[in-house]
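Pasting input-v1.cif here (mmCIF, C-alpha atoms):
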data_protein
loop_
_atom_site.group_PDB
_atom_site.id
_atom_site.type_symbol
_atom_site.label_atom_id
_atom_site.label_comp_id
_atom_site.auth_asym_id
_atom_site.auth_seq_id
_atom_site.Cartn_x
_atom_site.Cartn_y
_atom_site.Cartn_z
ATOM 1 C CA MET R 649 16.436 1.033 15.266
ATOM 2 C CA TRP R 650 16.624 1.554 11.495
ATOM 3 C CA ARG R 651 18.362 4.755 10.388
ATOM 4 C CA SER R 652 19.500 6.256 7.066
ATOM 5 C CA SER R 653 20.447 9.421 6.086
ATOM 6 C CA ARG R 654 -9.903 15.394 -16.087
ATOM 7 C CA ARG R 655 -8.306 16.642 -14.194
ATOM 8 C CA LEU R 656 -7.400 13.702 -12.035
ATOM 9 C CA SER R 657 -6.866 11.335 -14.916
ATOM 10 C CA VAL R 658 -7.033 7.573 -14.822
ATOM 11 C CA SER R 659 -3.355 7.271 -15.580
ATOM 12 C CA LEU R 660 -2.347 9.786 -12.938
ATOM 13 C CA ILE R 661 -4.032 7.825 -10.176
ATOM 14 C CA VAL R 662 -0.975 5.655 -9.620
ATOM 15 C CA GLY R 663 1.649 8.134 -10.813
ATOM 16 C CA ALA R 664 0.202 10.700 -8.432
ATOM 17 C CA PHE R 665 1.928 8.947 -5.548
ATOM 18 C CA ALA R 666 5.234 10.251 -6.832
ATOM 19 C CA LEU R 667 5.619 13.834 -7.949
ATOM 20 C CA SER R 668 6.925 12.729 -11.332
ATOM 21 C CA THR R 669 6.832 9.161 -12.532
ATOM 22 C CA LEU R 670 3.998 7.726 -14.566
ATOM 23 C CA THR R 671 2.388 9.605 -17.435
ATOM 24 C CA VAL R 672 -1.238 9.865 -18.430
ATOM 25 C CA GLN R 673 -0.571 8.042 -21.670
ATOM 26 C CA ALA R 674 1.413 5.267 -19.973
ATOM 27 C CA LEU R 675 -1.303 4.031 -17.643
ATOM 28 C CA ALA R 676 -4.110 4.774 -20.060
ATOM 29 C CA GLY R 677 -2.315 2.496 -22.506
ATOM 30 C CA ASP R 678 -1.780 -0.125 -19.820
ATOM 31 C CA ASP R 679 -5.470 0.017 -18.933
ATOM 32 C CA LYS R 680 -6.512 -0.695 -22.509
ATOM 33 C CA LYS R 681 -4.065 -3.574 -22.831
ATOM 34 C CA GLY R 682 -5.306 -5.115 -19.592
ATOM 35 C CA LYS R 683 -8.995 -5.246 -20.576
ATOM 36 C CA GLY R 684 -10.372 -8.719 -21.013
ATOM 37 C CA LYS R 685 -7.418 -10.456 -19.395
ATOM 38 C CA GLU R 686 -8.230 -13.170 -16.917
ATOM 39 C CA ARG R 687 -6.559 -12.934 -13.539
ATOM 40 C CA GLY R 688 -6.905 -16.053 -11.451
ATOM 41 C CA GLY R 689 -5.077 -18.260 -9.017
ATOM 42 C CA SER R 690 -3.535 -17.324 -5.717
ATOM 43 C CA ARG R 691 -1.748 -14.020 -5.499
ATOM 44 C CA VAL R 692 1.734 -13.626 -4.107
ATOM 45 C CA GLY R 693 3.749 -10.515 -3.296
ATOM 46 C CA ALA R 694 5.193 -9.218 -6.546
ATOM 47 C CA LYS R 695 8.971 -9.164 -6.724
ATOM 48 C CA LEU R 696 9.441 -5.526 -7.593
ATOM 49 C CA SER R 697 12.688 -3.852 -8.416
ATOM 50 C CA GLU R 698 14.088 -1.336 -5.954
ATOM 51 C CA ARG R 699 14.070 1.194 -8.767
ATOM 52 C CA ALA R 700 10.375 0.725 -9.577
ATOM 53 C CA LEU R 701 9.294 1.123 -5.974
ATOM 54 C CA GLY R 702 11.813 3.873 -5.328
ATOM 55 C CA GLU R 703 10.160 5.963 -8.041
ATOM 56 C CA LEU R 704 7.051 6.136 -5.882
ATOM 57 C CA MET R 705 9.030 8.128 -3.307
ATOM 58 C CA GLY R 706 9.679 10.940 -5.749
ATOM 59 C CA GLN R 707 12.206 13.346 -4.235
ATOM 60 C CA PHE R 708 11.621 12.130 -0.694
ATOM 61 C CA LYS R 709 13.817 9.605 1.107
ATOM 62 C CA PHE R 710 13.359 7.496 4.199
ATOM 63 C CA GLY R 711 15.292 8.974 7.098
ATOM 64 C CA MET R 712 14.589 12.614 6.201
ATOM 65 C CA ASN R 713 13.695 14.815 9.132
ATOM 66 C CA LYS R 714 10.921 17.420 9.168
ATOM 67 C CA GLN R 715 13.147 20.192 7.824
ATOM 68 C CA ASP R 716 14.453 17.993 4.995
ATOM 69 C CA VAL R 717 10.886 17.282 3.877
ATOM 70 C CA LEU R 718 9.963 20.960 4.114
ATOM 71 C CA LYS R 719 12.927 21.911 1.919
ATOM 72 C CA VAL R 720 11.777 19.519 -0.809
ATOM 73 C CA LEU R 721 8.214 20.799 -0.576
ATOM 74 C CA SER R 722 9.420 24.410 -0.679
ATOM 75 C CA ARG R 723 11.331 23.753 -3.900
ATOM 76 C CA GLN R 724 8.335 22.039 -5.461
ATOM 77 C CA ILE R 725 5.933 24.815 -4.507
ATOM 78 C CA ASN R 726 8.332 27.534 -5.710
ATOM 79 C CA GLU R 727 8.743 25.729 -9.023
ATOM 80 C CA ARG R 728 4.993 25.434 -9.483
ATOM 81 C CA TYR R 729 4.410 29.158 -8.850
ATOM 82 C CA LYS R 730 7.428 30.395 -10.815
ATOM 83 C CA ASP R 731 5.861 30.157 -14.260
ATOM 84 C CA ARG R 732 2.553 31.566 -13.055
ATOM 85 C CA ILE R 733 4.297 34.621 -11.613
ATOM 86 C CA ALA R 734 6.402 35.081 -14.748
ATOM 87 C CA ALA R 735 3.327 34.774 -16.972
ATOM 88 C CA THR R 736 1.828 38.051 -15.756
ATOM 89 C CA SER R 737 3.192 41.591 -15.716
ATOM 90 C CA ASP R 738 0.517 42.734 -13.263
ATOM 91 C CA VAL R 739 2.402 43.472 -10.048
ATOM 92 C CA TYR R 740 -0.752 43.083 -7.955
ATOM 93 C CA ALA R 741 -1.411 39.648 -9.471
ATOM 94 C CA GLN R 742 2.223 38.718 -8.866
ATOM 95 C CA ASP R 743 1.981 39.783 -5.224
ATOM 96 C CA LYS R 744 -1.169 37.727 -4.759
ATOM 97 C CA LEU R 745 0.541 34.654 -6.240
ATOM 98 C CA ARG R 746 3.485 35.138 -3.897
ATOM 99 C CA ARG R 747 1.112 35.392 -0.932
ATOM 100 C CA ASP R 748 -0.697 32.247 -2.075
ATOM 101 C CA ARG R 749 2.634 30.468 -2.395
ATOM 102 C CA GLN R 750 3.663 31.432 1.134
ATOM 103 C CA ALA R 751 0.231 30.542 2.540
ATOM 104 C CA GLU R 752 0.449 27.052 1.019
ATOM 105 C CA PHE R 753 3.856 26.474 2.557
ATOM 106 C CA ASP R 754 2.729 27.853 5.934
ATOM 107 C CA ARG R 755 -0.241 25.456 5.979
ATOM 108 C CA ILE R 756 2.127 22.526 5.593
ATOM 109 C CA LYS R 757 4.368 23.713 8.443
ATOM 110 C CA LYS R 758 1.373 24.303 10.733
ATOM 111 C CA SER R 759 0.006 20.842 9.999
ATOM 112 C CA PHE R 760 2.875 19.152 11.861
ATOM 113 C CA VAL R 761 1.539 17.204 14.830
ATOM 114 C CA GLU R 762 3.164 14.952 17.417
ATOM 115 C CA PHE R 763 1.077 12.123 18.812
ATOM 116 C CA LYS R 764 1.786 12.381 22.525
ATOM 117 C CA GLY R 765 -1.463 11.117 23.989
ATOM 118 C CA LYS R 766 -3.642 14.189 23.520
ATOM 119 C CA LYS R 767 -6.488 13.547 21.098
ATOM 120 C CA THR R 768 -6.202 15.318 17.754
ATOM 121 C CA GLY R 769 -8.529 15.806 14.810
ATOM 122 C CA TRP R 770 -6.716 12.959 13.093
ATOM 123 C CA ASP R 771 -7.772 10.332 15.649
ATOM 124 C CA VAL R 772 -11.021 9.888 13.712
ATOM 125 C CA SER R 773 -9.971 10.378 10.103
ATOM 126 C CA ILE R 774 -8.780 8.671 6.952
ATOM 127 C CA VAL R 775 -5.392 8.076 8.644
ATOM 128 C CA ASP R 776 -6.614 7.083 12.108
ATOM 129 C CA ASP R 777 -5.213 3.569 11.622
ATOM 130 C CA GLN R 778 -1.789 4.808 10.521
ATOM 131 C CA PHE R 779 -0.332 6.037 13.831
ATOM 132 C CA ALA R 780 -0.340 5.508 17.577
ATOM 133 C CA HIS R 781 0.176 7.802 20.561
ATOM 134 C CA ASN R 782 3.131 7.889 22.943
ATOM 135 C CA THR R 783 5.449 6.013 20.578
ATOM 136 C CA ASP R 784 7.443 9.019 19.304
ATOM 137 C CA GLU R 785 5.364 9.364 16.143
ATOM 138 C CA ALA R 786 4.531 12.562 14.267
ATOM 139 C CA MET R 787 2.882 13.600 11.009
ATOM 140 C CA MET R 788 2.754 16.442 8.492
ATOM 141 C CA VAL R 789 0.231 16.989 5.678
ATOM 142 C CA HIS R 790 0.337 18.530 2.219
ATOM 143 C CA TRP R 791 -2.916 18.935 0.302
ATOM 144 C CA GLU R 792 -1.816 18.836 -3.335
ATOM 145 C CA ASN R 793 -4.664 20.568 -5.137
ATOM 146 C CA SER R 794 -3.211 21.825 -8.399
ATOM 147 C CA PRO R 795 -5.195 22.818 -11.515
ATOM 148 C CA GLU R 796 -1.956 22.723 -13.521
ATOM 149 C CA THR R 797 -1.193 19.067 -12.803
ATOM 150 C CA GLY R 798 -4.754 17.865 -12.215
ATOM 151 C CA ARG R 799 -3.863 16.520 -8.775
ATOM 152 C CA ASP R 800 -6.357 16.550 -5.956
ATOM 153 C CA GLN R 801 -4.832 14.485 -3.199
ATOM 154 C CA ARG R 802 -3.534 14.667 0.318
ATOM 155 C CA ARG R 803 -0.034 13.460 1.117
ATOM 156 C CA PHE R 804 0.705 12.536 4.726
ATOM 157 C CA PHE R 805 4.316 12.301 5.920
ATOM 158 C CA PHE R 806 4.780 10.027 8.937
ATOM 159 C CA PHE R 807 7.829 10.312 11.176
ATOM 160 C CA HIS R 808 9.159 8.027 13.875
ATOM 161 C CA ASP R 809 11.838 9.285 16.220
ATOM 162 C CA GLY R 810 12.036 12.376 14.006
ATOM 163 C CA GLN R 811 12.674 10.515 10.756
ATOM 164 C CA LEU R 812 10.448 9.921 7.744
ATOM 165 C CA TYR R 813 9.498 6.250 7.477
ATOM 166 C CA LYS R 814 6.151 6.326 5.653
ATOM 167 C CA MET R 815 4.063 8.326 3.191
ATOM 168 C CA PHE R 816 0.311 7.944 2.827
ATOM 169 C CA VAL R 817 -1.482 9.439 -0.176
ATOM 170 C CA ALA R 818 -5.265 9.764 -0.389
ATOM 171 C CA LEU R 819 -6.390 10.120 -4.006
ATOM 172 C CA ASN R 820 -9.738 11.800 -4.618
ATOM 173 C CA SER R 821 -11.904 9.476 -6.730
ATOM 174 C CA GLN R 822 -14.753 11.923 -7.324
ATOM 175 C CA GLN R 823 -13.383 13.098 -10.670
ATOM 176 C CA LEU R 824 -13.395 9.580 -12.079
ATOM 177 C CA LYS R 825 -16.258 8.081 -14.056
ATOM 178 C CA ASN R 826 -18.750 6.080 -12.030
ATOM 179 C CA GLU R 827 -17.642 2.758 -13.503
ATOM 180 C CA GLN R 828 -14.046 3.537 -12.531
ATOM 181 C CA ARG R 829 -14.868 4.473 -8.956
ATOM 182 C CA ASN R 830 -14.344 1.066 -7.408
ATOM 183 C CA PHE R 831 -11.399 -0.643 -5.766
ATOM 184 C CA GLY R 832 -11.283 -3.430 -8.324
ATOM 185 C CA TYR R 833 -10.483 -0.869 -10.992
ATOM 186 C CA PHE R 834 -7.731 0.649 -8.867
ATOM 187 C CA GLN R 835 -6.337 -2.805 -8.100
ATOM 188 C CA ASN R 836 -6.291 -3.604 -11.818
ATOM 189 C CA LEU R 837 -4.288 -0.450 -12.590
ATOM 190 C CA MET R 838 -1.773 -1.203 -9.854
ATOM 191 C CA GLU R 839 -1.301 -4.831 -10.890
ATOM 192 C CA GLN R 840 -0.839 -3.922 -14.540
ATOM 193 C CA ARG R 841 2.000 -1.686 -13.433
ATOM 194 C CA TYR R 842 3.571 -3.773 -10.651
ATOM 195 C CA GLY R 843 2.295 -7.314 -11.068
ATOM 196 C CA ALA R 844 0.050 -9.339 -8.792
ATOM 197 C CA GLY R 845 0.077 -8.086 -5.233
ATOM 198 C CA LYS R 846 -0.532 -10.054 -2.071
ATOM 199 C CA VAL R 847 -4.188 -9.633 -1.136
ATOM 200 C CA VAL R 848 -4.709 -9.432 2.635
ATOM 201 C CA ALA R 849 -8.505 -9.532 2.703
ATOM 202 C CA ASP R 850 -8.986 -9.396 6.494
ATOM 203 C CA LYS R 851 -6.893 -6.208 6.693
ATOM 204 C CA GLY R 852 -8.366 -4.660 3.532
ATOM 205 C CA TYR R 853 -5.202 -4.056 1.540
ATOM 206 C CA ILE R 854 -3.021 -5.316 -1.301
ATOM 207 C CA GLU R 855 0.730 -5.455 -0.708
ATOM 208 C CA TRP R 856 3.852 -5.207 -2.852
ATOM 209 C CA LYS R 857 7.161 -5.616 -1.042
ATOM 210 C CA SER R 858 10.903 -5.491 -1.595
ATOM 211 C CA PRO R 859 13.747 -5.393 0.960
ATOM 212 C CA THR R 860 13.630 -1.584 1.068
ATOM 213 C CA TYR R 861 10.048 -0.674 0.208
ATOM 214 C CA ARG R 862 6.593 -1.833 1.222
ATOM 215 C CA VAL R 863 3.670 -0.547 -0.843
ATOM 216 C CA LEU R 864 0.010 -0.957 0.124
ATOM 217 C CA ALA R 865 -3.133 -0.129 -1.848
ATOM 218 C CA LEU R 866 -6.018 0.609 0.529
ATOM 219 C CA ASP R 867 -9.745 0.776 -0.129
ATOM 220 C CA LYS R 868 -11.133 3.855 1.640
ATOM 221 C CA LEU R 869 -13.919 4.550 -0.832
ATOM 222 C CA ALA R 870 -16.916 3.750 1.369
ATOM 223 C CA PHE R 871 -16.260 6.362 4.064
ATOM 224 C CA TYR R 872 -13.811 8.791 2.464
ATOM 225 C CA GLY R 873 -14.252 8.458 -1.323
ATOM 226 C CA SER R 874 -10.535 7.811 -1.743
ATOM 227 C CA PHE R 875 -8.115 5.284 -3.118
ATOM 228 C CA CYS R 876 -5.048 5.263 -0.898
ATOM 229 C CA LEU R 877 -1.419 4.316 -1.392
ATOM 230 C CA VAL R 878 1.106 3.786 1.387
ATOM 231 C CA ILE R 879 4.841 3.400 0.952
ATOM 232 C CA SER R 880 6.974 2.612 3.972
ATOM 233 C CA HIS R 881 10.261 1.123 5.062
ATOM 234 C CA PRO R 882 9.484 -2.539 5.918
ATOM 235 C CA ALA R 883 12.024 -2.891 8.748
ATOM 236 C CA GLU R 884 10.912 0.325 10.431
ATOM 237 C CA ASP R 885 7.291 -0.680 9.925
ATOM 238 C CA ALA R 886 7.842 -3.978 11.712
ATOM 239 C CA GLU R 887 9.798 -2.423 14.570
ATOM 240 C CA LEU R 888 7.197 0.284 15.106
ATOM 241 C CA ALA R 889 4.430 -2.336 15.158
ATOM 242 C CA SER R 890 6.276 -4.062 18.015
ATOM 243 C CA ILE R 891 6.692 -0.785 19.889
ATOM 244 C CA ARG R 892 2.997 -0.002 19.516
ATOM 245 C CA GLU R 893 2.054 -3.438 20.803
ATOM 246 C CA ALA R 894 4.256 -2.944 23.858
ATOM 247 C CA HIS R 895 2.641 0.442 24.560
ATOM 248 C CA LYS R 896 -0.914 -0.740 24.020
ATOM 249 C CA LYS R 897 -3.089 -0.084 27.050
ATOM 250 C CA PRO R 898 -5.085 -3.028 28.422
ATOM 251 C CA LYS R 899 -8.817 -2.804 27.920
ATOM 252 C CA ALA R 900 -10.647 -1.211 30.828
ATOM 253 C CA GLU R 901 -12.507 -3.708 32.979
ATOM 254 C CA ASN R 902 -16.282 -3.362 33.091
ATOM 255 C CA LYS R 903 -17.008 -3.578 36.805
ATOM 256 C CA VAL R 904 -20.757 -4.013 36.379
ATOM 257 C CA ILE R 905 -20.383 -7.012 34.071
ATOM 258 C CA LYS R 906 -17.692 -8.503 36.302
ATOM 259 C CA ALA R 907 -19.906 -8.166 39.395
ATOM 260 C CA VAL R 908 -22.857 -9.797 37.658
ATOM 261 C CA MET R 909 -20.706 -12.660 36.357
ATOM 262 C CA GLU R 910 -19.169 -13.286 39.774
ATOM 263 C CA LYS R 911 -22.623 -13.307 41.341
ATOM 264 C CA ASP R 912 -23.845 -15.639 38.630
ATOM 265 C CA ALA R 913 -21.136 -18.111 39.601
ATOM 266 C CA LYS R 914 -22.569 -18.272 43.130
ATOM 267 C CA THR R 915 -26.274 -18.402 42.363
ATOM 268 C CA ASP R 916 -28.329 -19.528 39.421
ATOM 269 C CA GLN R 917 -30.552 -16.442 39.238
ATOM 270 C CA PRO R 918 -28.944 -13.221 40.466
ATOM 271 C CA THR R 919 -31.383 -10.329 40.737
ATOM 272 C CA LEU R 920 -30.843 -6.689 39.823
ATOM 273 C CA ASP R 921 -31.465 -5.806 43.457
ATOM 274 C CA GLU R 922 -28.656 -8.085 44.577
ATOM 275 C CA ASN R 923 -26.218 -6.317 42.250
ATOM 276 C CA ARG R 924 -27.421 -2.839 43.053
ATOM 277 C CA GLY R 925 -24.330 -1.975 45.081
ATOM 278 C CA ALA R 926 -21.977 -2.790 42.210
ATOM 279 C CA VAL R 927 -24.002 -0.713 39.761
ATOM 280 C CA GLU R 928 -24.221 2.257 42.115
ATOM 281 C CA GLY R 929 -20.467 2.069 42.731
ATOM 282 C CA VAL R 930 -19.796 2.545 39.019
ATOM 283 C CA VAL R 931 -22.423 5.165 38.143
ATOM 284 C CA GLY R 932 -21.833 7.110 41.370
ATOM 285 C CA THR R 933 -25.330 7.011 42.842
ATOM 286 C CA GLY R 934 -26.376 6.178 46.350
ATOM 287 C CA GLY R 935 -29.379 4.321 47.650
ATOM 288 C CA ASP R 936 -31.948 5.774 49.995
#
Can you give me the file's structure in the form of structure tokens?
Amino acid sequence: MWRSSRRLSVSLIVGAFALSTLTVQALAGDDKKGKGKERGGSRVGAKLSERALGELMGQFKFGMNKQDVLKVLSRQINERYKDRIAATSDVYAQDKLRRDRQAEFDRIKKSFVEFKGKKTGWDVSIVDDQFAHNTDEAMMVHWENSPETGRDQRRFFFFHDGQLYKMFVALNSQQLKNEQRNFGYFQNLMEQRYGAGKVVADKGYIEWKSPTYRVLALDKLAFYGSFCLVISHPAEDAELASIREAHKKPKAENKVIKAVMEKDAKTDQPTLDENRGAVEGVVGTGGD
């Protein structure tokens, strides 16, 4: 097992994955330069530097436990409220800001969930394909909705065996212009920054990979109105996929269909009356 210790602006859409990396001007400039360029041929996984991909992690590191992540988030939240509190001499306003600060941190702590088989609200959600039950997985959520930075996104921290191995960020696309609210536009921004990614059409993602980092761009616009970015540790990703496969429950057998098919093998034209016993056995009814 791996172990180791606007205003959502166009340019911020990629930089938003990290807490401080790309600037508005940087990607806006890249977007202008990229217009009109032809992009053809087969795509291959871009060979990205560890440093470039590492920037997407911000202050977080693979292998952090829940408390480590909370400490980083606490520092970030305190820093964001510090100037707002200092900007007013109204003690009542200051107290309200302190309460808001604590409430934001408490929401993050309360969001922690372990996937132990009991259905949660996340089993049908934007991240329902990002975890499995009974494989020692857990998750914590931070909704980063900040007027100061222009961010409106949700950051999901995924843990396996108590350690951070993946972050998933859902970026709200509603503040973009209509012509920018499409996955092709998002893909173009990402590829201008990181080079051509590996398009996996049947899985609905684009991939960039290095020995230490795996980055995916996901299209979740149709149902959730979001562009999504995922950064994970490739070795842990692969191992967890194997664990999930081993824990996957076999599909339940449909006894009615099986009974009809078995009867069909014995006679050319089975009747509903002939299969009545099998049907009643499943639905729990009895004949007169």
Residues of range 719-776 of chain R that approach range 813-828 of chain R to 12 Å or less, counting only C-alpha atoms: could you list each one with the shortest pair of atoms and its distance in Å to one decimal, rows by chain and increasing residue number, as CSV?
residue,atom,partner,partner_atom,distance
R:Ser773,CA,R:Ala818,CA,11.5
R:Ile774,CA,R:Ala818,CA,8.2
R:Val775,CA,R:Phe816,CA,8.1
R:Asp776,CA,R:Phe816,CA,11.6
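Each of R:Ala780, R:Ala751, R:Val720, R:Ala700 was compared to Ile891 in chain R using only C-alpha atoms, and R:Ala780 turns out to be the nearest.
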Query raised in the report: With distances taken over all atoms listed in the file, which of R:Lys767, R:Lys757, R:His808, R:Arg802 is nearest to Glu887 in chain R?
Result: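 Ranked by minimum distance to Glu887 in chain R, first place goes to R:His808.
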Query raised in the report: Within 6 Å of range 712-719 of chain R, counting all atoms listed in the file, which residues qualify if same-chain residues fewer than 6 places away don't, as a list in words?
Result: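 The residues satisfying every condition are Gly810, Gln811 and Leu812 of chain R.
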Query raised in the report: Between CA of Leu721 in chain R and CA of Ala883 in chain R, what is the distance, to one decimal in Å?
Result: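 Separating CA of Leu721 in chain R from CA of Ala883 in chain R is a distance of 25.7 Å.
Here the question is which of R:Gln778, R:Phe805, R:Asn830, R:Ala865 gets nearest to Gly845 in chain R using only C-alpha atoms, and that residue is R:Ala865.
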Query raised in the report: Could you state the separation of CA of Trp791 in chain R and CA of Ile756 in chain R in Å, given to one decimal place?
Result: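 Separating CA of Trp791 in chain R from CA of Ile756 in chain R is a distance of 8.1 Å.
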Report task. Just give me the gap between CA of Arg803 in chain R and CA of Val789 in chain R in Å, one decimal is fine. Result ->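 Distance reported for this atom pair: 5.8 Å.
Comparing the minimum interatomic distances between Gln801 in chain R and each of R:Gly765, R:Leu888, R:Ala894, R:Leu877, counting all atoms listed in the file, we find that R:Leu877 sits nearest.
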Report task. Go through the shown structure with the PyMOL selection byres ((chain R and resi 851) around 12) and write out the matching residues as a list in words. Result ->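 Applying the PyMOL selection byres ((chain R and resi 851) around 12) to the structure shown produces Asp777, Lys846, Val847, Val848, Ala849, Asp850, Gly852, Tyr853, Ile854, Glu855, Leu864, Ala865, Leu866 and Asp867 of chain R.
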Query raised in the report: Skipping near chain neighbours, those fewer than 4 positions away, what residues fall within 8 Å of Val863 in chain R using all atoms listed in the file, listed as a list in words?
Result: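 So the residues in contact are Leu701, Glu855, Trp856, Lys857, Leu877, Val878, Ile879 and Ser880 of chain R.
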Query raised in the report: With distances taken over only C-alpha atoms, which of R:Met838, R:Tyr861, R:Thr783, R:Asp731 is nearest to Cys876 in chain R?
Result: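 Counting only C-alpha atoms, the residue closest to Cys876 in chain R is R:Met838.
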Query raised in the report: Which of these residues is nearest to Lys758 in chain R, using all atoms listed in the file: R:Arg728, R:His781, R:Arg746, R:His790?
Result: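 Result for the nearest residue to Lys758 in chain R: R:His790.
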